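Note: the block below is data.txt and it holds compact mmCIF, C-alpha atoms and all ligand atoms.
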# COMPACT_ATOMS: atom_id res chain seq x y z
CA MET K 18 0.00 0.00 0.00
CA LYS K 19 1.32 3.44 -0.86
CA ARG K 20 2.06 5.76 2.02
CA VAL K 21 0.53 9.23 2.30
CA PHE K 22 1.75 12.07 4.52
CA SER K 23 0.44 15.60 4.91
CA GLY K 24 0.08 18.30 7.52
CA VAL K 25 -1.82 21.41 8.51
CA GLN K 26 -0.57 24.26 10.71
CA PRO K 27 -2.50 24.75 13.95
CA THR K 28 -3.08 28.47 13.49
CA GLY K 29 -6.88 28.77 13.65
CA ASN K 30 -9.42 29.69 10.96
CA ILE K 31 -9.11 26.49 8.92
CA HIS K 32 -10.98 27.46 5.77
CA LEU K 33 -12.50 26.26 2.51
CA GLY K 34 -9.15 26.47 0.75
CA ASN K 35 -7.56 24.14 3.29
CA TYR K 36 -10.52 21.81 2.98
CA LEU K 37 -11.00 21.70 -0.79
CA GLY K 38 -7.26 21.83 -1.56
CA ALA K 39 -6.00 19.35 1.03
CA LEU K 40 -8.26 17.99 3.78
CA LYS K 41 -10.87 16.54 1.42
CA GLN K 42 -8.10 14.49 -0.19
CA PHE K 43 -6.99 13.24 3.24
CA VAL K 44 -10.36 11.56 3.71
CA GLU K 45 -10.55 10.18 0.16
CA LEU K 46 -7.11 8.58 0.37
CA GLN K 47 -7.46 6.73 3.65
CA ASP K 48 -9.32 3.68 2.32
CA ASP K 49 -6.59 2.48 -0.01
CA HIS K 50 -3.46 4.15 1.38
CA GLU K 51 -1.51 4.06 4.60
CA CYS K 52 -2.15 7.64 5.74
CA ILE K 53 -0.27 9.79 8.24
CA TYR K 54 -1.76 13.17 9.06
CA CYS K 55 0.22 15.61 11.13
CA ILE K 56 -0.55 18.80 13.03
CA VAL K 57 2.58 20.76 12.31
CA ASP K 58 3.11 22.83 15.44
CA GLU K 59 6.85 23.25 14.82
CA HIS K 60 5.97 25.00 11.56
CA ALA K 61 3.54 27.29 13.37
CA ILE K 62 6.28 28.71 15.62
CA THR K 63 8.15 30.15 12.62
CA VAL K 64 6.08 33.19 13.60
CA PRO K 65 5.49 34.07 17.29
CA GLN K 66 2.65 32.10 18.90
CA ASP K 67 0.92 32.45 22.24
CA PRO K 68 1.63 29.06 23.94
CA GLU K 69 -1.91 28.67 25.32
CA GLU K 70 -3.47 29.56 21.98
CA LEU K 71 -1.15 27.15 20.20
CA ARG K 72 -2.08 24.29 22.54
CA LYS K 73 -5.75 25.04 21.90
CA HIS K 74 -5.35 25.23 18.14
CA ILE K 75 -3.53 21.90 18.09
CA LEU K 76 -6.58 20.21 19.62
CA ASP K 77 -8.90 22.22 17.34
CA VAL K 78 -7.17 20.88 14.22
CA ALA K 79 -7.07 17.34 15.63
CA ALA K 80 -10.84 17.53 16.25
CA LEU K 81 -11.38 18.97 12.78
CA TYR K 82 -9.39 16.14 11.19
CA MET K 83 -11.77 13.68 12.82
CA ALA K 84 -14.88 15.78 12.20
CA ILE K 85 -14.29 15.78 8.42
CA GLY K 86 -14.01 11.99 8.48
CA ILE K 87 -10.40 11.02 9.11
CA ASP K 88 -10.72 7.76 11.00
CA PRO K 89 -7.94 7.23 13.58
CA LYS K 90 -8.36 3.49 13.18
CA LYS K 91 -7.37 3.78 9.52
CA SER K 92 -5.04 6.79 9.61
CA ILE K 93 -2.39 8.04 12.01
CA ILE K 94 -3.20 11.48 13.47
CA PHE K 95 -0.44 13.07 15.55
CA VAL K 96 1.33 16.27 16.59
CA GLN K 97 4.69 16.98 14.97
CA SER K 98 6.55 18.00 18.15
CA ALA K 99 5.66 14.66 19.76
CA VAL K 100 8.02 12.91 17.32
CA SER K 101 11.57 14.21 17.71
CA GLY K 102 12.70 12.82 14.34
CA HIS K 103 11.16 15.82 12.55
CA ALA K 104 13.51 18.34 14.16
CA GLU K 105 16.49 16.00 13.93
CA LEU K 106 16.00 15.18 10.26
CA GLY K 107 15.23 18.86 9.64
CA TRP K 108 18.71 19.76 10.83
CA ILE K 109 20.38 17.00 8.82
CA LEU K 110 18.57 18.18 5.67
CA CYS K 111 19.55 21.81 6.37
CA CYS K 112 23.06 20.53 5.84
CA SER K 113 22.02 19.09 2.47
CA SER K 114 20.24 22.16 1.10
CA TYR K 115 21.44 25.52 -0.21
CA THR K 116 20.51 28.98 1.05
CA GLY K 117 20.05 30.03 -2.61
CA GLU K 118 17.23 27.56 -3.17
CA LEU K 119 15.54 28.62 0.07
CA TYR K 120 15.74 32.35 -0.74
CA ARG K 121 14.03 31.55 -4.06
CA MET K 122 10.89 30.14 -2.41
CA THR K 123 7.86 32.28 -3.31
CA GLN K 124 6.31 31.86 0.13
CA PHE K 125 9.51 33.01 1.86
CA LYS K 126 9.70 36.05 -0.40
CA ALA K 127 6.06 36.91 0.36
CA LYS K 128 6.37 36.37 4.12
CA SER K 129 9.73 38.11 4.56
CA GLY K 130 8.76 41.05 2.36
CA GLY K 131 12.42 42.01 1.90
CA LYS K 132 12.88 42.79 5.62
CA GLU K 133 16.25 42.30 7.34
CA SER K 134 15.00 40.92 10.64
CA VAL K 135 13.25 37.83 9.31
CA GLY K 136 13.17 34.72 11.51
CA THR K 137 15.61 32.04 10.35
CA GLY K 138 12.79 29.50 10.73
CA LEU K 139 10.84 31.20 7.95
CA LEU K 140 13.76 30.59 5.61
CA THR K 141 14.40 26.98 6.64
CA TYR K 142 10.69 26.10 6.90
CA PRO K 143 10.60 24.16 3.59
CA VAL K 144 13.51 22.02 4.80
CA LEU K 145 11.54 21.02 7.90
CA MET K 146 8.62 20.27 5.59
CA ALA K 147 10.91 18.03 3.50
CA ALA K 148 11.96 16.29 6.71
CA ASP K 149 8.30 15.70 7.66
CA ILE K 150 7.70 13.98 4.36
CA LEU K 151 10.94 12.01 4.01
CA LEU K 152 10.82 10.78 7.61
CA TYR K 153 7.94 8.46 6.71
CA ASP K 154 9.16 7.14 3.32
CA THR K 155 6.15 8.94 1.86
CA ASP K 156 4.95 8.19 -1.67
CA VAL K 157 2.13 10.73 -1.98
CA VAL K 158 1.66 14.22 -0.47
CA PRO K 159 -1.86 15.66 -0.84
CA VAL K 160 -1.63 19.47 -0.70
CA GLY K 161 -2.92 22.68 -2.25
CA ASN K 162 -1.14 24.39 -5.11
CA ASP K 163 0.68 26.85 -2.85
CA GLN K 164 2.85 23.96 -1.59
CA LYS K 165 3.95 22.82 -5.07
CA GLN K 166 7.30 24.58 -4.87
CA HIS K 167 7.99 23.12 -1.42
CA ILE K 168 7.26 19.60 -2.72
CA GLU K 169 9.65 20.19 -5.61
CA LEU K 170 12.34 21.26 -3.14
CA CYS K 171 11.68 18.14 -1.06
CA ARG K 172 12.16 15.98 -4.15
CA ASP K 173 15.38 17.84 -5.07
CA ILE K 174 16.80 17.30 -1.57
CA ALA K 175 15.82 13.60 -1.56
CA ILE K 176 17.40 13.03 -4.98
CA ARG K 177 20.55 14.92 -3.89
CA VAL K 178 20.97 12.86 -0.72
CA ASN K 179 20.20 9.62 -2.55
CA HIS K 180 22.85 10.48 -5.11
CA ARG K 181 25.42 10.77 -2.34
CA PHE K 182 24.37 7.96 0.02
CA GLY K 183 22.41 5.54 -2.18
CA GLU K 184 18.92 5.24 -3.64
CA ASP K 185 17.69 3.40 -0.55
CA THR K 186 18.14 6.50 1.66
CA PHE K 187 14.90 8.33 0.83
CA VAL K 188 11.71 7.61 -1.10
CA VAL K 189 11.18 10.45 -3.61
CA PRO K 190 7.56 11.61 -3.08
CA ASP K 191 4.95 13.03 -5.46
CA GLY K 192 2.56 15.88 -4.71
CA ARG K 193 -1.16 15.28 -5.24
CA PHE K 194 -3.35 18.22 -6.24
CA MET K 195 -7.10 18.55 -6.71
CA LYS K 196 -8.45 19.77 -10.04
CA ALA K 197 -10.97 22.25 -8.69
CA GLY K 198 -9.87 22.92 -5.11
CA ALA K 199 -6.10 23.28 -5.52
CA ARG K 200 -6.19 27.07 -5.30
CA VAL K 201 -9.23 28.63 -3.67
CA MET K 202 -9.06 32.41 -3.89
CA ALA K 203 -10.13 35.03 -1.35
CA LEU K 204 -13.82 35.94 -1.73
CA ASP K 205 -13.22 39.67 -1.34
CA ASP K 206 -10.16 39.76 -3.60
CA PRO K 207 -10.00 36.80 -6.00
CA THR K 208 -6.47 37.72 -7.11
CA GLN K 209 -5.19 36.58 -3.66
CA LYS K 210 -5.45 33.04 -2.29
CA MET K 211 -7.86 32.43 0.56
CA SER K 212 -5.81 32.63 3.77
CA LYS K 213 -6.15 32.06 7.49
CA SER K 214 -4.65 35.41 8.39
CA ALA K 215 -6.45 37.93 6.12
CA LEU K 216 -8.05 40.69 8.21
CA ASN K 217 -11.41 40.64 6.45
CA GLU K 218 -13.36 37.64 7.80
CA HIS K 219 -15.51 37.68 4.66
CA SER K 220 -12.42 36.92 2.57
CA ARG K 221 -12.76 33.30 3.69
CA ILE K 222 -15.26 30.74 4.91
CA SER K 223 -14.01 28.88 7.95
CA LEU K 224 -15.14 25.28 8.27
CA LEU K 225 -17.01 26.03 11.49
CA ASP K 226 -18.76 29.18 10.23
CA GLN K 227 -22.49 29.47 10.94
CA ASP K 228 -24.93 29.31 8.00
CA SER K 229 -25.61 33.05 8.23
CA LYS K 230 -21.90 33.88 7.96
CA ILE K 231 -21.49 31.51 4.99
CA LYS K 232 -24.39 33.27 3.26
CA LYS K 233 -23.03 36.74 3.94
CA SER K 234 -19.50 35.94 2.77
CA ILE K 235 -20.61 34.31 -0.49
CA MET K 236 -23.35 36.83 -1.33
CA ARG K 237 -20.90 39.72 -0.98
CA ALA K 238 -18.07 37.93 -2.86
CA THR K 239 -16.37 40.15 -5.41
CA THR K 240 -17.33 39.39 -9.03
CA ASP K 241 -17.26 41.79 -12.00
CA SER K 242 -19.60 44.03 -13.92
CA ASP K 243 -20.09 42.28 -17.27
CA GLY K 244 -22.69 39.89 -15.85
CA GLU K 245 -21.74 36.89 -18.00
CA ILE K 246 -21.25 33.57 -16.23
CA ARG K 247 -18.20 31.96 -17.78
CA PHE K 248 -15.03 30.28 -16.53
CA ASP K 249 -12.10 32.57 -17.23
CA PRO K 250 -9.72 32.80 -14.24
CA GLU K 251 -7.60 35.49 -15.85
CA ASN K 252 -10.31 37.97 -16.85
CA LYS K 253 -13.05 36.89 -14.45
CA PRO K 254 -11.24 35.67 -11.32
CA GLY K 255 -14.21 36.19 -8.96
CA VAL K 256 -16.81 34.22 -10.91
CA SER K 257 -14.24 31.56 -11.82
CA ASN K 258 -13.38 31.13 -8.14
CA LEU K 259 -17.05 30.61 -7.26
CA LEU K 260 -17.40 28.09 -10.08
CA ASN K 261 -14.31 26.25 -8.85
CA ILE K 262 -15.70 26.03 -5.32
CA TYR K 263 -19.02 24.86 -6.77
CA SER K 264 -17.23 22.19 -8.77
CA ALA K 265 -15.16 21.02 -5.79
CA PHE K 266 -18.23 20.61 -3.59
CA SER K 267 -20.50 19.06 -6.20
CA GLY K 268 -17.88 16.72 -7.67
CA ARG K 269 -18.92 17.85 -11.16
CA SER K 270 -16.64 19.57 -13.65
CA VAL K 271 -17.10 23.29 -14.33
CA GLU K 272 -18.01 22.41 -17.95
CA GLU K 273 -20.81 20.12 -16.78
CA ILE K 274 -22.09 22.70 -14.31
CA LEU K 275 -22.14 25.46 -16.92
CA ALA K 276 -23.87 23.25 -19.50
CA ASP K 277 -26.62 22.42 -16.99
CA GLN K 278 -27.39 25.72 -15.30
CA ASN K 279 -30.14 28.21 -15.94
CA TRP K 280 -28.89 31.03 -13.72
CA ARG K 281 -30.10 34.49 -14.66
CA GLY K 282 -27.12 36.20 -13.07
CA TYR K 283 -24.37 35.99 -10.48
CA GLY K 284 -26.98 36.17 -7.70
CA ASP K 285 -28.45 32.79 -8.71
CA LEU K 286 -25.02 31.17 -8.84
CA LYS K 287 -24.21 32.59 -5.42
CA LYS K 288 -27.49 31.40 -3.89
CA GLU K 289 -26.91 27.84 -5.08
CA LEU K 290 -23.35 27.95 -3.85
CA VAL K 291 -24.52 29.14 -0.43
CA ALA K 292 -26.85 26.13 -0.14
CA LEU K 293 -24.19 23.71 -1.36
CA THR K 294 -21.58 25.05 1.07
CA GLN K 295 -23.95 25.11 4.04
CA GLU K 296 -24.96 21.54 3.35
CA ALA K 297 -21.36 20.32 2.98
CA LEU K 298 -20.16 21.98 6.19
CA ARG K 299 -23.16 21.06 8.35
CA PRO K 300 -22.04 17.50 9.24
CA ILE K 301 -18.52 18.73 9.99
CA LYS K 302 -19.87 21.25 12.52
CA GLN K 303 -22.17 18.63 14.01
CA ASN K 304 -19.29 16.18 14.57
CA TYR K 305 -16.80 18.78 15.71
CA ASP K 306 -18.16 19.89 19.09
CA GLU K 307 -18.63 16.38 20.37
CA ILE K 308 -15.13 15.29 19.31
CA ARG K 309 -13.45 18.47 20.59
CA GLU K 310 -14.89 17.90 24.09
CA SER K 311 -14.24 14.16 24.25
CA ASP K 312 -11.41 12.51 26.17
CA GLU K 313 -10.81 10.35 23.15
CA LEU K 314 -9.10 13.20 21.32
CA LYS K 315 -5.93 13.23 23.42
CA ALA K 316 -5.83 9.43 23.42
CA VAL K 317 -5.94 9.47 19.61
CA LEU K 318 -3.00 11.89 19.52
CA ARG K 319 -0.97 9.85 22.02
CA ASP K 320 -1.57 6.65 20.08
CA GLY K 321 -0.84 8.45 16.79
CA ALA K 322 2.48 9.78 18.12
CA GLU K 323 3.52 6.29 19.19
CA ARG K 324 2.72 4.79 15.81
CA ALA K 325 4.35 7.68 13.93
CA ASN K 326 7.45 7.49 16.11
CA ALA K 327 7.90 3.79 15.40
CA ILE K 328 8.05 4.51 11.64
CA ALA K 329 10.18 7.64 12.10
CA GLU K 330 12.75 5.89 14.28
CA LYS K 331 13.38 3.27 11.59
CA THR K 332 14.11 6.02 9.06
CA MET K 333 16.29 7.94 11.54
CA LYS K 334 18.38 4.84 12.25
CA ARG K 335 19.02 4.41 8.55
CA VAL K 336 19.73 8.12 7.99
CA ARG K 337 22.07 8.48 10.99
CA ASP K 338 23.96 5.44 9.79
CA LYS K 339 24.29 6.81 6.23
CA PHE K 340 25.56 10.19 7.47
CA GLY K 341 27.94 8.67 10.05
CA LEU K 342 25.96 10.06 13.02
CA GLY K 343 24.68 8.38 16.18
CA PHE K 344 27.70 6.85 17.85
P1 LIG O 401 -1.16 25.24 5.68
O1 LIG O 401 -1.43 24.94 7.10
O2 LIG O 401 -0.89 26.64 5.27
O3 LIG O 401 -2.35 24.71 4.78
C1 LIG O 401 -2.86 23.40 4.91
C2 LIG O 401 -3.20 22.86 3.53
O4 LIG O 401 -4.15 23.69 2.89
C3 LIG O 401 -3.71 24.05 1.58
N1 LIG O 401 -4.19 25.40 1.27
C4 LIG O 401 -4.95 25.71 0.21
N2 LIG O 401 -5.44 24.95 -0.79
C5 LIG O 401 -6.22 25.56 -1.72
N3 LIG O 401 -6.52 26.90 -1.68
C6 LIG O 401 -6.05 27.68 -0.69
N4 LIG O 401 -6.37 28.98 -0.66
C7 LIG O 401 -5.22 27.10 0.32
N5 LIG O 401 -4.60 27.58 1.41
C8 LIG O 401 -3.98 26.53 1.98
C9 LIG O 401 -2.19 24.00 1.67
O5 LIG O 401 -1.62 23.83 0.40
C10 LIG O 401 -1.98 22.82 2.58
O6 LIG O 401 -2.02 21.61 1.84
N6 LIG O 401 3.57 23.89 4.81
C11 LIG O 401 2.23 23.40 4.99
C12 LIG O 401 2.09 22.39 6.11
C13 LIG O 401 3.07 21.26 6.08
C14 LIG O 401 3.01 20.14 5.22
C15 LIG O 401 4.13 19.34 5.61
C16 LIG O 401 2.17 19.74 4.20
C17 LIG O 401 4.14 21.12 6.89
N7 LIG O 401 4.79 19.96 6.60
C18 LIG O 401 4.40 18.13 4.96
C19 LIG O 401 2.44 18.53 3.55
C20 LIG O 401 3.55 17.74 3.93
C21 LIG O 401 1.32 24.57 5.32
O7 LIG O 401 1.73 25.59 5.80
O8 LIG O 401 0.01 24.30 5.15

What would the structure in this file look like if it were written as structure tokens?
Ligand code: TYM
Amino acid sequence: MKRVFSGVQPTGNIHLGNYLGALKQFVELQDDHECIYCIVDEHAITVPQDPEELRKHILDVAALYMAIGIDPKKSIIFVQSAVSGHAELGWILCCSSYTGELYRMTQFKAKSGGKESVGTGLLTYPVLMAADILLYDTDVVPVGNDQKQHIELCRDIAIRVNHRFGEDTFVVPDGRFMKAGARVMALDDPTQKMSKSALNEHSRISLLDQDSKIKKSIMRATTDSDGEIRFDPENKPGVSNLLNIYSAFSGRSVEEILADQNWRGYGDLKKELVALTQEALRPIKQNYDEIRESDELKAVLRDGAERANAIAEKTMKRVRDKFGLGF
């Protein structure tokens, strides 16, 4: 069975982009793959975090994983910092990567904004991400489009190390991207991707949003003034984004949807999308509260960490041996 690994940062406001780009794949893959899903708290501290908030958000994401349908009997769910191999392999891989390739990362450029006093962790973040993936001999990494460059870097590092120490050192993984959900754009500004940190709450729909908030955010989503419903991300990014979300939720292609519809204007499209989104998120909200309050949640994470650690330790033994470490 092929192995899957992916992770989400515990930083609150998990939104439709996270769901349609990544989380939905997590659930789909677990029946015929060996899946490992991580809550990447060590990534979250690349920017300052309040420790209490971080602890809370870790449990929030764990509960959300289960609420969307990740089954801890089928998949491993665990917290990154509970398995020390991530940080250890992260360091080893730092010594097998180049500052030039890290400075070229789009996300680093965007987050550092050319400032001098940028945290070193923001620069080396993709190396830790490569360590997360390579630690588990991962074959497939389900993610949104914004992680494509990081997956490429992970592959480059794996191939580089394999070249030096032998092909049996690391499995070279592939990214897995959704057709419709890979890049969900902000509702208020469809030229930007939907993000957890945007100030305008109507720029995103969080998975736990109430029906009234979902309605408001979609009905006021930015479109354009020509009134024609057509899929054209370059010239009509707002409408195209709504069609993409529609397609991701309905499981039908944009072409099929457009061939079938009899909308008189953007308002009709939006109204249908509101209903579709409310319906899709309802069961998640229903499951969430119960799971978040249950004692089972922490037990799942403890068990997940144990199972993840057993796999990670095998890889670390091999890697230490290859590099001449671990006397
Ligand atoms: P994070 O926490 O920012 O996002 C979690 C997942 O959601 C996807 N995503 C989106 N997909 C579509 N449209 C959007 N607007 C959108 N915004 C976010 C992300 O691509 C991601 O799949 N570096 C990662 C976490 C990570 C990881 C890993 C992932 C750490 N180690 C190892 C895979 C494998 C991140 O910050 O995701």

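Pairwise distance (CA of Thr116 (chain K), CA of Gly138 (chain K)) equals 12.4 Å.
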
field: Environment of ligand LIG 401 (chain O) within 8 Å, counting only C-alpha atoms and all ligand atoms, reported as a PyMOL selection string
entry: chain K and resi 22-28+32-40+55+57+60-61+142-143+145-150+158-165+167-168+198-203+210-213

Mind running region 25-63 of chain K against region 301-323 of chain K at 10 Å and telling me each contacting residue's nearest atom pair with the distance in Å (one decimal), counting all atoms listed in the file, chain and number ascending, as a tab-separated table?
residue	atom	partner	partner_atom	distance
K:Ile53	CA	K:Gly321	CA	8.7
K:Tyr54	CA	K:Gly321	CA	9.1
K:Cys55	CA	K:Gly321	CA	9.2
K:Ile56	CA	K:Leu318	CA	9.8

With C-alpha atoms kept, could you save the residues just selected as a compact mmCIF listing (two decimals), in the coordinates of the input?
# COMPACT_ATOMS: atom_id res chain seq x y z
CA ILE K 53 -0.27 9.79 8.24
CA TYR K 54 -1.76 13.17 9.06
CA CYS K 55 0.22 15.61 11.13
CA ILE K 56 -0.55 18.80 13.03

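Straight-line separation from CA of Leu275 (chain K) to CA of Phe248 (chain K): 8.6 Å.
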
Contacts of Val189 (chain K) at 7 Å (all atoms listed in the file; same-chain gap of 6+ positions) as JSON, numbers by chain: {"K": [156, 172, 175, 176]}

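In terms of minimum interatomic distance to Ile93 (chain K), K:Ile328 ranks closest within K:Val291, K:Ile328, K:Leu224, K:Leu81, counting only C-alpha atoms.
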
message: Please list as a PyMOL selection string every residue within 8 Å of Ser257 (chain K), counting only C-alpha atoms and excluding residues in the same chain fewer than 4 positions away.
response: chain K and resi 247-250+253+261

task: Identify the residues within 12 Å of coordinate (-19.4, 22.9, -2.8) (same frame as the file), considering only C-alpha atoms, and give the answer as a ChimeraX atom specification.
output: /K:33-34,36-37,41,197-198,201,222,231,235,258-271,274,286-299

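Our summary of the geometry notes that CA of Cys52 (chain K) is positioned 4.9 Å from CA of Ser92 (chain K).
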
task: Name the residues in contact with Glu51 (chain K) at a cut-off of 8 Å, using all atoms listed in the file, excluding same-chain residues fewer than 6 positions from it; report them as a count of residues only.
output: 6

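If only C-alpha atoms are the atoms counted, then among K:Pro89, K:Pro65, K:Ser229, K:Leu170 the closest residue to Val44 (chain K) is K:Pro89.
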
query: Nearest to Ile246 (chain K) among K:Arg337, K:Arg281, K:His180, K:Lys90, with distances taken over all atoms listed in the file: which residue is it?
result: K:Arg281

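With distances restricted to all atoms listed in the file, K:Gln209 is the closest residue to Ala127 (chain K) from K:Gln209, K:Leu46, K:Val78, K:Leu151.
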
Would you be able to write out as a compact mmCIF listing (two decimals) with C-alpha atoms, keeping the file's coordinate frame which residues have an atom within 10 Å of (16.6, 36.0, 3.0) in the file's coordinates, counting all atoms listed in the file?
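Done, and the output landed in part_9.txt:
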# COMPACT_ATOMS: atom_id res chain seq x y z
CA THR K 116 20.51 28.98 1.05
CA GLY K 117 20.05 30.03 -2.61
CA LEU K 119 15.54 28.62 0.07
CA TYR K 120 15.74 32.35 -0.74
CA ARG K 121 14.03 31.55 -4.06
CA MET K 122 10.89 30.14 -2.41
CA PHE K 125 9.51 33.01 1.86
CA LYS K 126 9.70 36.05 -0.40
CA SER K 129 9.73 38.11 4.56
CA GLY K 130 8.76 41.05 2.36
CA GLY K 131 12.42 42.01 1.90
CA LYS K 132 12.88 42.79 5.62
CA GLU K 133 16.25 42.30 7.34
CA SER K 134 15.00 40.92 10.64
CA VAL K 135 13.25 37.83 9.31
CA GLY K 136 13.17 34.72 11.51
CA THR K 137 15.61 32.04 10.35
CA LEU K 139 10.84 31.20 7.95
CA LEU K 140 13.76 30.59 5.61
CA THR K 141 14.40 26.98 6.64

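The shortest atom-to-atom distance to Glu184 (chain K), with only C-alpha atoms taken into account, belongs to K:Lys339 out of K:Thr240, K:Lys233, K:Lys339, K:Ala325.
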
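The smallest atom-to-atom distance between Leu225 (chain K) and any of K:Ile174, K:Val96, K:Ile85, K:Leu110, using all atoms listed in the file, is found for K:Ile85.
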
Restore N, CA, C and O atoms in region 284-298 of chain K and list the result as a compact mmCIF listing (two decimals), in the frame of the given file.
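Dumped to selection_26.txt:
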# COMPACT_ATOMS: atom_id res chain seq x y z
N GLY K 284 -26.21 36.38 -8.94
CA GLY K 284 -26.98 36.17 -7.70
C GLY K 284 -27.48 34.73 -7.60
O GLY K 284 -27.42 34.12 -6.52
N ASP K 285 -27.94 34.18 -8.73
CA ASP K 285 -28.45 32.79 -8.71
C ASP K 285 -27.32 31.80 -8.43
O ASP K 285 -27.49 30.85 -7.67
N LEU K 286 -26.19 32.03 -9.09
CA LEU K 286 -25.02 31.17 -8.84
C LEU K 286 -24.65 31.21 -7.36
O LEU K 286 -24.42 30.18 -6.72
N LYS K 287 -24.61 32.44 -6.83
CA LYS K 287 -24.21 32.59 -5.42
C LYS K 287 -25.20 31.88 -4.48
O LYS K 287 -24.78 31.21 -3.54
N LYS K 288 -26.48 32.03 -4.77
CA LYS K 288 -27.49 31.40 -3.89
C LYS K 288 -27.32 29.89 -3.87
O LYS K 288 -27.38 29.26 -2.82
N GLU K 289 -27.10 29.29 -5.04
CA GLU K 289 -26.91 27.84 -5.08
C GLU K 289 -25.63 27.43 -4.36
O GLU K 289 -25.59 26.41 -3.68
N LEU K 290 -24.63 28.26 -4.51
CA LEU K 290 -23.35 27.95 -3.85
C LEU K 290 -23.48 28.05 -2.33
O LEU K 290 -22.89 27.26 -1.59
N VAL K 291 -24.27 29.02 -1.86
CA VAL K 291 -24.52 29.14 -0.43
C VAL K 291 -25.12 27.83 0.10
O VAL K 291 -24.63 27.24 1.07
N ALA K 292 -26.17 27.34 -0.60
CA ALA K 292 -26.85 26.13 -0.14
C ALA K 292 -25.90 24.93 -0.14
O ALA K 292 -25.86 24.14 0.81
N LEU K 293 -25.13 24.84 -1.21
CA LEU K 293 -24.19 23.71 -1.36
C LEU K 293 -23.15 23.73 -0.23
O LEU K 293 -22.81 22.70 0.37
N THR K 294 -22.62 24.92 0.06
CA THR K 294 -21.58 25.05 1.07
C THR K 294 -22.15 24.77 2.46
O THR K 294 -21.54 24.05 3.26
N GLN K 295 -23.33 25.35 2.73
CA GLN K 295 -23.95 25.11 4.04
C GLN K 295 -24.18 23.62 4.27
O GLN K 295 -23.89 23.10 5.34
N GLU K 296 -24.65 22.96 3.24
CA GLU K 296 -24.96 21.54 3.35
C GLU K 296 -23.68 20.71 3.57
O GLU K 296 -23.66 19.78 4.37
N ALA K 297 -22.62 21.09 2.86
CA ALA K 297 -21.36 20.32 2.98
C ALA K 297 -20.72 20.51 4.35
O ALA K 297 -20.09 19.60 4.88
N LEU K 298 -20.85 21.71 4.92
CA LEU K 298 -20.16 21.98 6.19
C LEU K 298 -20.98 21.56 7.41
O LEU K 298 -20.43 21.42 8.50
